[in-house]
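Structure, as structure tokens:
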Amino acid sequence: MFRSLSPAIRAALLTLIVGMVCMLLAPYLGWLQKWPASMTLPATEWIGAAVTWLVELIKPLARWGAWLLSYPMGWAAFILIETPYPLVIAAITALGWHLGGPGMALGVLAGLCFVLFSGYWVQGMTTLSLVMVSVPLALFAGLVTGIVAYRMPALRRPIQVMLDVMQTVPTFAYLTPLLLLLGFGPVVGLIASAIYSAPPMARNVLLGLQRVDPEIRDAALMNGANSWQQLILVELPAASRQMLVGMNQSIMAALSMVIIAAVIGGFDDIGWAVLLTMRKADFGNSLIAGMVIVVFAIMIDRLSSRLAEPRGGHSRKVIWGLLGAGAVMAVLAARWLPAASEIDIFAPLAERTNSALGQFTANHGATLNAIRNNAMIYLLLPLRIGLDHAIVPVMWGFGWTSAMALGYFGAAAALAGWLAWRGQILAALMLLTAAGVVKLGIAHLPWPFVLFAAGALGWVASGWRLALTAVTLLGLILIMGLWEPAMLSVYLSGTAVLICTVLGGAIGLLSAVSPAVWRVVRPVCDLLQTVPLFVFLIPVLMFFQIGEFSALLAICAYAIVPMIRYTHQGLSSTPEELVEAALASGANSWAIMTEVRAPYAAPTILLGLNQTILYAFSMLVIAALIGTTDLGQQVYLALGQGDVGLGVAAGAAMAMLAWVADRLVQAFAEEKRAALGL
Amino acid sequence: MKTAKATVLVAMAGLFATPLAAAELGAVDEPIKLAVNEWTGQHITTLIAGHMLKEAGYKVEYITAGYQNMWPAMAEGDLDAAVEVWESNVPQGYYQLRDGGRLEDLGALGLDAREGFVYPAYMEEQCPGLPDWQALAACAANFATVETLPQGRLVDYPGEWGTPGADRMAALNLPFKAIPAGSEGALVAEFKAAQSQKTPLLAVFWQPHWAITAFDLKFTKLPEGTEACYADASAGPNPDVTGDCDFLPTRVFKAAWPGLKEKWPAAHEILTNLQLSVEQQQPLMGAVDVDGRPAEQVVAEWVAANESAWRPIVDAAIR
Amino acid sequence: MIQDRPAPAGAPAISCRGVWQVFGVNARASLDLALGETGGDTAATARLLRQRGLIPAVQDITFDVAEGEVFVIMGLSGSGKSTLIRTIARLIDGTAGEIRIAGEDILTADARRLLALRRDKLGMVFQHFGLFPHMTVAENVAFPLKMQGMGPEQRRARALEVLELVSLKGREDSFPRQLSGGQQQRVGIARSLAVNPDLWFLDEPFSALDPLIRRQLQDEFLSIQADLGKTSVFITHDISEALKIADRIAIMRDGVLVQIGTPDDIVLNPVNDYVREFTRDVPKGRHAHVETIMTLPASLPRMPDDPGLRANMTIDSALAACMSLYQPVPVWGANGEIAGVVKPSDLASALTPDEL
Ligand SMILES: Nc1ncnc2c1ncn2[C@@H]1O[C@H](COP(=O)(O)OP(=O)(O)OP(=O)(O)O)[C@@H](O)[C@H]1O
Ligand SMILES: [Mg+2]
């Protein structure tokens, strides 16, 4: 009987049974919901000792490397800061002209003028000097890693795992070890940003090389190229488009890390400026400082993407003219122009932004409060602590009684019965499980149930290997004693992912249907992804105060972007002939959306979901600045206490959660993709 | 012959003079690296200290440094001194390094810092009886939010600074739930938002801080904080626990790399003797944070106008 | 300088002995094991390998290609043709067997020797052209010369020369994507000719082209072949193409060589239905020659009629010459002597469908 059921149903049934047993026993066996401290391995201590040992071991080498790197950075900073700003602006504008002609030159000029007028010229140039060293470093490391992974298939898997780790472990978690390793100073930020920004390059190099037509490779060999010539003359150029994508993403990642590097300090850069303004909750100025980073990101991105394209002969004269004009201005600057640090044209603007924000908060305080309270009462609290704890008279007007529990489960059972009768056994079982989860609350879920459910999902999605990996990783978190903050993280990120999926999916759908909507949504998405996230914490805090709801919003603001983008992209890139075939069969636009576009877009949308999950977890650290008690907060605690082990362990736990969630979704996506034959 | 004798004399004088001067100033060619942390008060103190060192003949380099992260760097001599360290939020790592002899405590700054529960002044209407702490028990519901119901809400320090708010509330048996603020910015944003809507707010905060005047914050009067209260359960209103009283005054002090004394003896002396009071610092902070003027300018004016406040310390060290 | 094709003689240009190419993990060990288990039987070994999840793409193949010969390989899609020539060119390492090029063992050649061979001796035209997308037509064609270390000006001059040979003059600075499929294929051919290779591999060079261009390129191929006298290994699906250009044809099926023979052999004496199926629609009279069906009896019969048949006449034209005759007629060789005897009725029955 049991054997005749499909694997998915079997797994769901077992999960449900485990869940029910746990729920019944939980009141009697406290250790089901709370891992006993006596069973917790002092893993963080071990990790701390191991990391410290390792740091001591390679410290001399690392210090030497840091010393070496401080030179190019010093030079870059010296050139950018000591050179009079008119000359710097003229030179970079000339570069823009050389690479992209008048349009590019104008864009660059406008961007640099913004930086100058913002009053953050010196800080901006300091940041630029960091980026000028860290980006090439990251690109080079990524290139080499990608090539090694490509040329040595045996190393490919370990390298991919390493890249995953580099991208998912929050940087804050390894700042302390890096600091011990490299010594105090900007090099720490440089290396941290290089670590974070190298993986996209490595991945894209590998992908690009793998996608080179095998026949082209053979052709190179048959024409007498040796393996280096094959790589350099044929494969790398043929993969250049993909590599450019990687380069762009690496640059964006490097710039997004500028802020994090500033947490260490040692460098009076734009990240430091954002931190200082953030500390004062000065939204106007932090937005301006943040926009400086955005301007850099856009400028470097546009300039670098031009590198690979053939250049039309833009007149040399203009370049010399620009440089000459810059030099003349620089000479004059000594006398007439104000020093860069004295320009602060946007100060009134910042002031106005701040007062507008205050005004808005004052005028709409009641509405904002109502939004927050309703979300808390009816969504967040029940999800976190469960219905029985959340439904109390002060909030709902009535309390949770056993009669209600009976009714609740009765209704769930009835609905499930109906579903089962309709043949939807899997859906019925999942409904019952979900009912149990909501009753208990995510933060109070018994750990055996979570482990079992993750294993079952992994098994159904992909097989024993994934199941085993998922259970092992979650088990590690458990015995490290990080279960409680980890479940809070799951609750926060999970809820955020849920909201982002629904809302982001809807916005993406709307954008796909209406180009007008997309025109509005797109720049907002761009802004959300490039402005340092710290900046947004301030308005969120002003509107909704410290607490989960604000943290949730902050996470959503960032994590919703990929969902929107990928949904839009997937839905609007359906091949025209498919749409035409549907039209010819008499489908209306709704039918085309649901019958043709949506199924076709499913894999793309799933990829978006996967990104949303990773983003949601990576935002936990930032959200902790609002005030949370999850793993993100543990990372700061570790930072504050100089507890290397806790920092690394909490960072690793976050990476593990993200990794498990990501793999589960990907495994299901893979199945879906295979079913669609894509 | 005469000239030769004079030369010898000069040389001898040099012989005596040089070691004496060197013993006092030390390596004047190398800059002393002062840490610049994330808050304005610290910038002001550091700029004043830097000015004094320069007057004594030193080179000074200001290095921005994360307060939480900079201690190992100072232990290795990458930073030479931090002149405004708050006991209330200095990370654990500092104590470990200090106890291991790798950091040196240069003594108190003289900044009488105060920590406590603050509320915006308008709360005195909404919760009669304030600033007395016992009023809080009665109007806890006023401070409640959905997350804390039925208790009142207290915004506590960021988690990594410890949980003094939660500890006090528990010891005093007040029906408040402490919510950790994630950062100083979060605390300030709370004040801003509360001020603009006139909503209730109770938070753990400190003085000197520009926000105290900017948002008209008042300290709650708690039972007097004494050493005894923290050591002996019977002291204070709650006979069962310790710490059932006001925060002890926070010690604000100066810390340095232990090599400072040997390398720049006079600088060590200057920094050890450096003193700055709340009355001196607070107006400068206001000029920077409220009026938006650059800290360098504000400090330059102050040191010019208040020579008497710092010159004697410098002179004593290099004489 | 048109020459007759040299007769197959001397050391073979290519010699394959028992070549295996097996795809999968531990291919070599698995093959050895399977061969041991089956006592060396090819079919049984292949079956065993498939059962174990490996792909025996080329199985125990033995043949020689003579100097100057055009050797055509045919077979259904997936029968292992590309794999075979990739193995011979050692783009992939053979799993077992011996391959010699001009007497030299290619499987044991070290990397340097291989490089030298490819730079000077071998040329290949790829099924999907294999053009470098980031190089212009001229750069593509000059690439092998660059690898030989030739200077830029000489390279370009030589590239233009070869491009003229394939009628692509004037397009040398286009990028491959700007050319039509047929033009791209000609670039591929030009590139493979740039270093004037002795041994020329062509993997379905004309398959992607329309019939007109295909015929045109076949003619170009034949004239180049005639001009330069290369040894060619040519893969095609198209029997009429094979018959048109081949000196010999090898037919592959599922990795096995089914038959090797001259075009006439293949057309007239297919060894099994698989081969017969290939030649089914071939108008045999137009391809087979009289010599393939004539006999040379010990004593010549009395032959009253002499329509003047020659040994290298196609059967169609021979039949046209002796439509009304019934007696055996003489067949004259190139040297002017009687080369054999053929019965007009045999000429006719050679053309009737095989099934009957
Ligand atoms: N690298 C490889 N790995 C595994 N199997 C391969 C590989 N290359 C070829 N094969 C398999 O070997 C068999 C022969 O392939 P091959 O490309 O030689 O066929 P072909 O005769 O050239 O076909 P076509 O006419 O379609 O080009 C096929 O079954 C193919 O799937
Ligand atoms: Mg093929």
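Residue numbering restarts at 1 for every chain of the structure tokens, chains are lettered A, B, ... in their displayed order, and ligands are numbered from 1 as they appear.
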- All residues having an atom within 7 Å of ligand 1 (only C-alpha atoms and all ligand atoms) as a PyMOL selection string: chain C and resi 23-24+55+57+75-84+237
If you keep all heavy atoms, can you produce a file of those selected residues as a short mmCIF file (atom, residue, chain, number, x, y, z; two decimals), in the first residue's frame?
data_model
loop_
_atom_site.label_atom_id
_atom_site.label_comp_id
_atom_site.auth_asym_id
_atom_site.auth_seq_id
_atom_site.Cartn_x
_atom_site.Cartn_y
_atom_site.Cartn_z
N PHE C 23 33.45 6.03 -25.65
CA PHE C 23 33.20 7.17 -24.75
C PHE C 23 32.65 6.68 -23.42
O PHE C 23 31.85 5.75 -23.39
CB PHE C 23 32.20 8.15 -25.36
CG PHE C 23 32.73 8.87 -26.56
CD1 PHE C 23 32.19 8.67 -27.81
CD2 PHE C 23 33.79 9.76 -26.42
CE1 PHE C 23 32.69 9.35 -28.92
CE2 PHE C 23 34.29 10.44 -27.52
CZ PHE C 23 33.74 10.23 -28.78
N GLY C 24 33.05 7.31 -22.36
CA GLY C 24 32.55 6.94 -21.04
C GLY C 24 33.69 6.90 -20.06
O GLY C 24 34.85 7.11 -20.42
N ILE C 55 29.77 4.19 -24.63
CA ILE C 55 29.37 4.34 -26.02
C ILE C 55 30.54 3.94 -26.91
O ILE C 55 31.53 4.67 -27.02
CB ILE C 55 28.99 5.80 -26.33
CG1 ILE C 55 27.87 6.25 -25.38
CG2 ILE C 55 28.55 5.94 -27.78
CD1 ILE C 55 27.56 7.72 -25.48
N ALA C 57 31.74 4.25 -30.03
CA ALA C 57 31.38 5.03 -31.22
C ALA C 57 32.12 4.53 -32.45
O ALA C 57 31.62 4.64 -33.56
CB ALA C 57 31.70 6.50 -30.99
N GLY C 75 27.63 6.96 -43.95
CA GLY C 75 26.93 6.23 -42.88
C GLY C 75 25.85 7.12 -42.33
O GLY C 75 25.86 8.33 -42.54
N LEU C 76 24.93 6.49 -41.64
CA LEU C 76 23.82 7.25 -41.07
C LEU C 76 24.34 8.19 -39.98
O LEU C 76 25.45 8.03 -39.48
CB LEU C 76 22.77 6.31 -40.49
CG LEU C 76 22.02 5.47 -41.51
CD1 LEU C 76 20.97 4.62 -40.79
CD2 LEU C 76 21.36 6.35 -42.56
N SER C 77 23.50 9.11 -39.63
CA SER C 77 23.83 10.03 -38.56
C SER C 77 24.13 9.24 -37.28
O SER C 77 23.40 8.31 -36.94
CB SER C 77 22.64 10.95 -38.33
OG SER C 77 23.06 12.09 -37.66
N GLY C 78 25.20 9.58 -36.61
CA GLY C 78 25.55 8.91 -35.37
C GLY C 78 26.29 7.61 -35.57
O GLY C 78 26.54 6.88 -34.61
N SER C 79 26.68 7.31 -36.81
CA SER C 79 27.35 6.02 -37.03
C SER C 79 28.83 6.10 -36.69
O SER C 79 29.52 5.09 -36.73
CB SER C 79 27.14 5.56 -38.47
OG SER C 79 27.60 6.56 -39.35
N GLY C 80 29.33 7.27 -36.37
CA GLY C 80 30.71 7.35 -35.89
C GLY C 80 31.71 7.91 -36.88
O GLY C 80 32.91 7.80 -36.69
N LYS C 81 31.22 8.55 -37.93
CA LYS C 81 32.12 9.07 -38.97
C LYS C 81 33.01 10.18 -38.43
O LYS C 81 34.24 10.13 -38.55
CB LYS C 81 31.30 9.61 -40.15
CG LYS C 81 30.27 8.63 -40.68
CD LYS C 81 29.46 9.22 -41.81
CE LYS C 81 28.59 10.39 -41.41
NZ LYS C 81 27.50 10.05 -40.50
N SER C 82 32.35 11.17 -37.82
CA SER C 82 33.14 12.29 -37.30
C SER C 82 34.12 11.79 -36.25
O SER C 82 35.27 12.20 -36.21
CB SER C 82 32.23 13.35 -36.67
OG SER C 82 31.37 13.88 -37.64
N THR C 83 33.63 10.91 -35.40
CA THR C 83 34.49 10.38 -34.35
C THR C 83 35.71 9.70 -34.95
O THR C 83 36.83 9.88 -34.47
CB THR C 83 33.69 9.40 -33.49
OG1 THR C 83 32.52 10.05 -33.03
CG2 THR C 83 34.50 8.92 -32.32
N LEU C 84 35.50 8.98 -36.02
CA LEU C 84 36.62 8.27 -36.65
C LEU C 84 37.67 9.27 -37.14
O LEU C 84 38.85 9.11 -36.84
CB LEU C 84 36.10 7.40 -37.80
CG LEU C 84 37.18 6.64 -38.57
CD1 LEU C 84 37.96 5.72 -37.64
CD2 LEU C 84 36.57 5.83 -39.71
N HIS C 237 26.90 12.36 -46.39
CA HIS C 237 25.68 11.54 -46.29
C HIS C 237 25.12 11.25 -47.67
O HIS C 237 24.20 10.48 -47.82
CB HIS C 237 24.59 12.34 -45.56
CG HIS C 237 24.74 12.36 -44.10
ND1 HIS C 237 24.55 11.25 -43.33
CD2 HIS C 237 25.05 13.36 -43.24
CE1 HIS C 237 24.74 11.58 -42.07
NE2 HIS C 237 25.06 12.86 -41.99
#
List the spatial neighbours of region 479-487 of chain A as a count of residues only - criterion: any atom at most 7 Å away, only C-alpha atoms, same-chain residues fewer than 6 positions off excluded. 11
Margin query: When you look at region 561-578 of chain A with a cut-off of 6 Å (counting only C-alpha atoms), what residues show up, excluding the ones that are within fewer than 5 positions of it in the same chain? I need them as a count of residues only.
Written below: 12
**Study point:** Interface list for chain C, partner chain A, 6 Å threshold, only C-alpha atoms, as a PyMOL selection string
**Key:** chain C and resi 115+118-119+130+144+147
Keeping all heavy atoms, export the residues of the selection given above as an mmCIF file, in the first residue's frame.
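Below is the file that was written, again_5.cif:
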data_model
loop_
_atom_site.group_PDB
_atom_site.id
_atom_site.type_symbol
_atom_site.label_atom_id
_atom_site.label_comp_id
_atom_site.auth_asym_id
_atom_site.auth_seq_id
_atom_site.Cartn_x
_atom_site.Cartn_y
_atom_site.Cartn_z
ATOM 1 N N LEU C 115 52.008 18.803 -32.917
ATOM 2 C CA LEU C 115 51.883 20.207 -33.296
ATOM 3 C C LEU C 115 52.517 20.412 -34.674
ATOM 4 O O LEU C 115 51.940 21.044 -35.568
ATOM 5 C CB LEU C 115 52.619 21.053 -32.252
ATOM 6 C CG LEU C 115 52.132 22.463 -32.032
ATOM 7 C CD1 LEU C 115 50.687 22.435 -31.601
ATOM 8 C CD2 LEU C 115 52.991 23.120 -30.953
ATOM 9 N N ARG C 118 50.397 18.946 -37.402
ATOM 10 C CA ARG C 118 49.215 19.746 -37.702
ATOM 11 C C ARG C 118 49.580 21.040 -38.392
ATOM 12 O O ARG C 118 48.846 21.551 -39.227
ATOM 13 C CB ARG C 118 48.469 20.055 -36.405
ATOM 14 C CG ARG C 118 47.726 18.835 -35.879
ATOM 15 C CD ARG C 118 47.124 19.131 -34.546
ATOM 16 N NE ARG C 118 46.396 17.986 -34.032
ATOM 17 C CZ ARG C 118 46.135 17.808 -32.742
ATOM 18 N NH1 ARG C 118 46.570 18.691 -31.863
ATOM 19 N NH2 ARG C 118 45.455 16.768 -32.352
ATOM 20 N N ARG C 119 50.721 21.577 -38.018
ATOM 21 C CA ARG C 119 51.112 22.841 -38.645
ATOM 22 C C ARG C 119 51.469 22.650 -40.101
ATOM 23 O O ARG C 119 51.220 23.521 -40.922
ATOM 24 C CB ARG C 119 52.281 23.457 -37.884
ATOM 25 C CG ARG C 119 51.819 24.068 -36.590
ATOM 26 C CD ARG C 119 52.909 24.795 -35.841
ATOM 27 N NE ARG C 119 52.308 25.374 -34.631
ATOM 28 C CZ ARG C 119 52.993 25.960 -33.652
ATOM 29 N NH1 ARG C 119 54.293 26.050 -33.732
ATOM 30 N NH2 ARG C 119 52.368 26.451 -32.604
ATOM 31 N N GLY C 130 33.513 25.844 -38.094
ATOM 32 C CA GLY C 130 34.554 26.095 -37.095
ATOM 33 C C GLY C 130 35.334 27.371 -37.342
ATOM 34 O O GLY C 130 36.528 27.441 -37.085
ATOM 35 N N PRO C 144 46.388 29.481 -39.468
ATOM 36 C CA PRO C 144 47.388 28.403 -39.448
ATOM 37 C C PRO C 144 48.775 28.890 -39.850
ATOM 38 O O PRO C 144 49.784 28.379 -39.349
ATOM 39 C CB PRO C 144 46.846 27.384 -40.447
ATOM 40 C CG PRO C 144 45.687 28.011 -41.116
ATOM 41 C CD PRO C 144 45.239 29.176 -40.312
ATOM 42 N N MET C 147 50.362 30.379 -36.943
ATOM 43 C CA MET C 147 50.862 29.338 -36.050
ATOM 44 C C MET C 147 52.202 28.792 -36.553
ATOM 45 O O MET C 147 53.022 28.350 -35.777
ATOM 46 C CB MET C 147 49.847 28.186 -35.955
ATOM 47 C CG MET C 147 48.547 28.551 -35.283
ATOM 48 S SD MET C 147 48.781 29.060 -33.579
ATOM 49 C CE MET C 147 48.722 30.810 -33.721
#
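Interatomic distance, CA of Ala375 (chain A) against CA of Ile622 (chain A): 21.3 Å.
By only C-alpha atoms, and with residues fewer than 6 positions from Asp105 (chain B) along its chain excluded, the set lying at most 10 Å from it is Ala81, Ala82, Val85, Tyr95, Arg98, Phe253, Lys254, Ala255, Ala256, Trp257, Pro258 and Thr272 of chain B.
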Using C-alpha atoms, can you write the selected residues to a file as a short mmCIF file (atom, residue, chain, number, x, y, z; two decimals), in the first residue's frame?
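What landed in selection_0.cif:
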data_model
loop_
_atom_site.label_atom_id
_atom_site.label_comp_id
_atom_site.auth_asym_id
_atom_site.auth_seq_id
_atom_site.Cartn_x
_atom_site.Cartn_y
_atom_site.Cartn_z
CA ALA B 81 46.02 56.09 20.38
CA ALA B 82 42.28 56.52 20.71
CA VAL B 85 36.81 55.31 24.54
CA TYR B 95 39.77 44.12 27.69
CA ARG B 98 44.57 45.32 27.72
CA PHE B 253 39.00 57.08 28.88
CA LYS B 254 41.96 57.13 26.56
CA ALA B 255 43.74 54.06 25.25
CA ALA B 256 47.03 53.65 23.47
CA TRP B 257 49.50 51.30 21.96
CA PRO B 258 51.92 50.37 24.79
CA THR B 272 47.61 60.93 29.69
#
At a cut-off of 7 Å, list the chain A residues touching chain B, using only C-alpha atoms, as a compact mmCIF listing (two decimals) with C-alpha atoms, in the first residue's frame.
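Written output follows (result_11.txt):
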# COMPACT_ATOMS: atom_id res chain seq x y z
CA GLY A 183 46.67 44.18 9.57
CA PHE A 184 44.72 47.36 9.91
CA VAL A 263 33.18 49.48 8.71
CA ILE A 264 36.81 48.71 9.38
CA GLY A 265 37.96 52.15 8.43
CA GLY A 266 41.51 53.16 7.81
CA PHE A 267 40.35 55.14 4.88
CA ASP A 268 38.36 58.31 4.67
CA LEU A 276 28.70 58.67 9.52
CA MET A 278 23.72 56.80 8.73
CA ARG A 279 24.76 57.11 12.34
CA LYS A 280 23.07 60.46 12.50
CA ALA A 281 20.04 59.13 10.64
CA GLY A 358 10.07 64.20 8.74
CA THR A 361 6.34 60.73 8.89
CA ALA A 362 4.43 63.31 10.90
CA GLY A 365 2.17 58.51 11.12
CA ASN A 373 0.46 46.95 13.32
CA MET A 376 2.54 42.43 12.72
CA ILE A 377 -0.67 41.17 14.25
CA ILE A 538 16.80 55.37 7.60
CA LEU A 541 13.14 53.18 10.40
CA MET A 542 11.49 56.57 10.41
CA GLN A 545 10.49 52.11 13.82
CA ILE A 546 12.87 49.48 15.07
CA ALA A 624 20.51 43.57 11.80
CA LEU A 625 21.41 47.25 11.90
CA ILE A 626 17.71 47.89 12.40
CA GLY A 627 17.64 45.53 15.30
CA THR A 628 16.99 41.82 14.93
CA TYR A 636 27.72 41.82 14.81
CA LEU A 637 27.92 40.38 18.29
CA LEU A 639 32.40 41.53 15.57
CA GLY A 640 31.89 43.45 18.80
CA GLN A 641 33.38 40.76 20.97
CA GLY A 642 36.19 39.98 18.62
Exercise for review: Might you pull out every residue within 9 Å of region 9-25 of chain A, with only C-alpha atoms counted and same-chain residues fewer than 5 positions away left off, and present them as a ChimeraX atom specification?
Suggested key: /A:2-3,30,32-33,425-427,429-430,432-433,436-437,440,445-450,452-453,456-457,459-460
Note to self: Neighbouring residues of Ser15 (chain C) were defined as those with any atom within 9 Å, considering only C-alpha atoms; residues of the same chain fewer than 5 positions away were excluded. Please report them as an NGL selection string.
What the structure shows: :C and (62-66 or 98-103)
re CA of Gly68 (chain C) and CA of Val271 (chain C): distance 26.4 Å
Checklist line | Picked from region 123-263 of chain B by DSSP as strand (DSSP E or B), as a PyMOL selection string | finding: chain B and resi 132+152-156+176-180+203-207+217-219+221+250+252-256
Please, could you write that set of residues out with C-alpha atoms as a compact mmCIF listing (two decimals), in the first residue's frame?
# COMPACT_ATOMS: atom_id res chain seq x y z
CA ASP B 132 10.42 59.60 38.37
CA GLY B 152 5.85 48.73 27.30
CA ARG B 153 8.57 49.10 24.74
CA LEU B 154 12.12 50.10 25.59
CA VAL B 155 14.59 50.67 22.80
CA ASP B 156 17.84 49.18 24.03
CA PHE B 176 8.91 46.80 29.74
CA LYS B 177 10.27 44.67 26.95
CA ALA B 178 13.65 45.71 25.57
CA ILE B 179 13.99 45.80 21.79
CA PRO B 180 17.60 46.04 20.67
CA ALA B 203 15.18 54.41 25.04
CA VAL B 204 18.55 53.74 26.57
CA PHE B 205 20.81 56.60 25.60
CA TRP B 206 23.80 58.58 26.69
CA GLN B 207 25.15 62.00 27.20
CA LEU B 217 15.36 64.28 25.58
CA LYS B 218 15.04 63.89 29.33
CA PHE B 219 16.61 61.33 31.61
CA LYS B 221 15.28 59.51 37.54
CA THR B 250 30.27 55.52 32.34
CA VAL B 252 35.29 57.56 29.24
CA PHE B 253 39.00 57.08 28.88
CA LYS B 254 41.96 57.13 26.56
CA ALA B 255 43.74 54.06 25.25
CA ALA B 256 47.03 53.65 23.47
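Of the residues under consideration (C:Phe132, C:Phe71, C:Phe221, C:Phe234), C:Phe234 shows the shortest atom-to-atom contact distance to ligand 2 when counting only C-alpha atoms and all ligand atoms.
If you look at CA of Lys33 (chain B) and CA of Leu190 (chain A), they are 20.9 Å away from each other.
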Excluding Asp291 (chain B) and residues on its chain fewer than 4 positions from it, collect all residues at most 12 Å away from it, counting only C-alpha atoms, and give them as a list in words.
Ala347 and Glu351 of chain A; Trp210, Ala214, Pro283, Leu284, Met285, Gly286, Ala287, Ala295 and Val298 of chain B
Selection to disk with C-alpha atoms, as a compact mmCIF listing (two decimals), in the first residue's frame:
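What ended up in selection03.txt:
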# COMPACT_ATOMS: atom_id res chain seq x y z
CA ALA A 347 23.45 70.79 1.32
CA GLU A 351 18.13 69.50 4.27
CA TRP B 210 23.81 66.08 20.16
CA ALA B 214 18.16 68.32 19.33
CA PRO B 283 28.74 73.09 22.32
CA LEU B 284 31.30 71.99 19.79
CA MET B 285 29.20 68.94 18.96
CA GLY B 286 26.18 71.12 18.50
CA ALA B 287 28.10 73.36 16.13
CA ALA B 295 34.62 69.77 12.79
CA VAL B 298 35.00 74.37 14.96
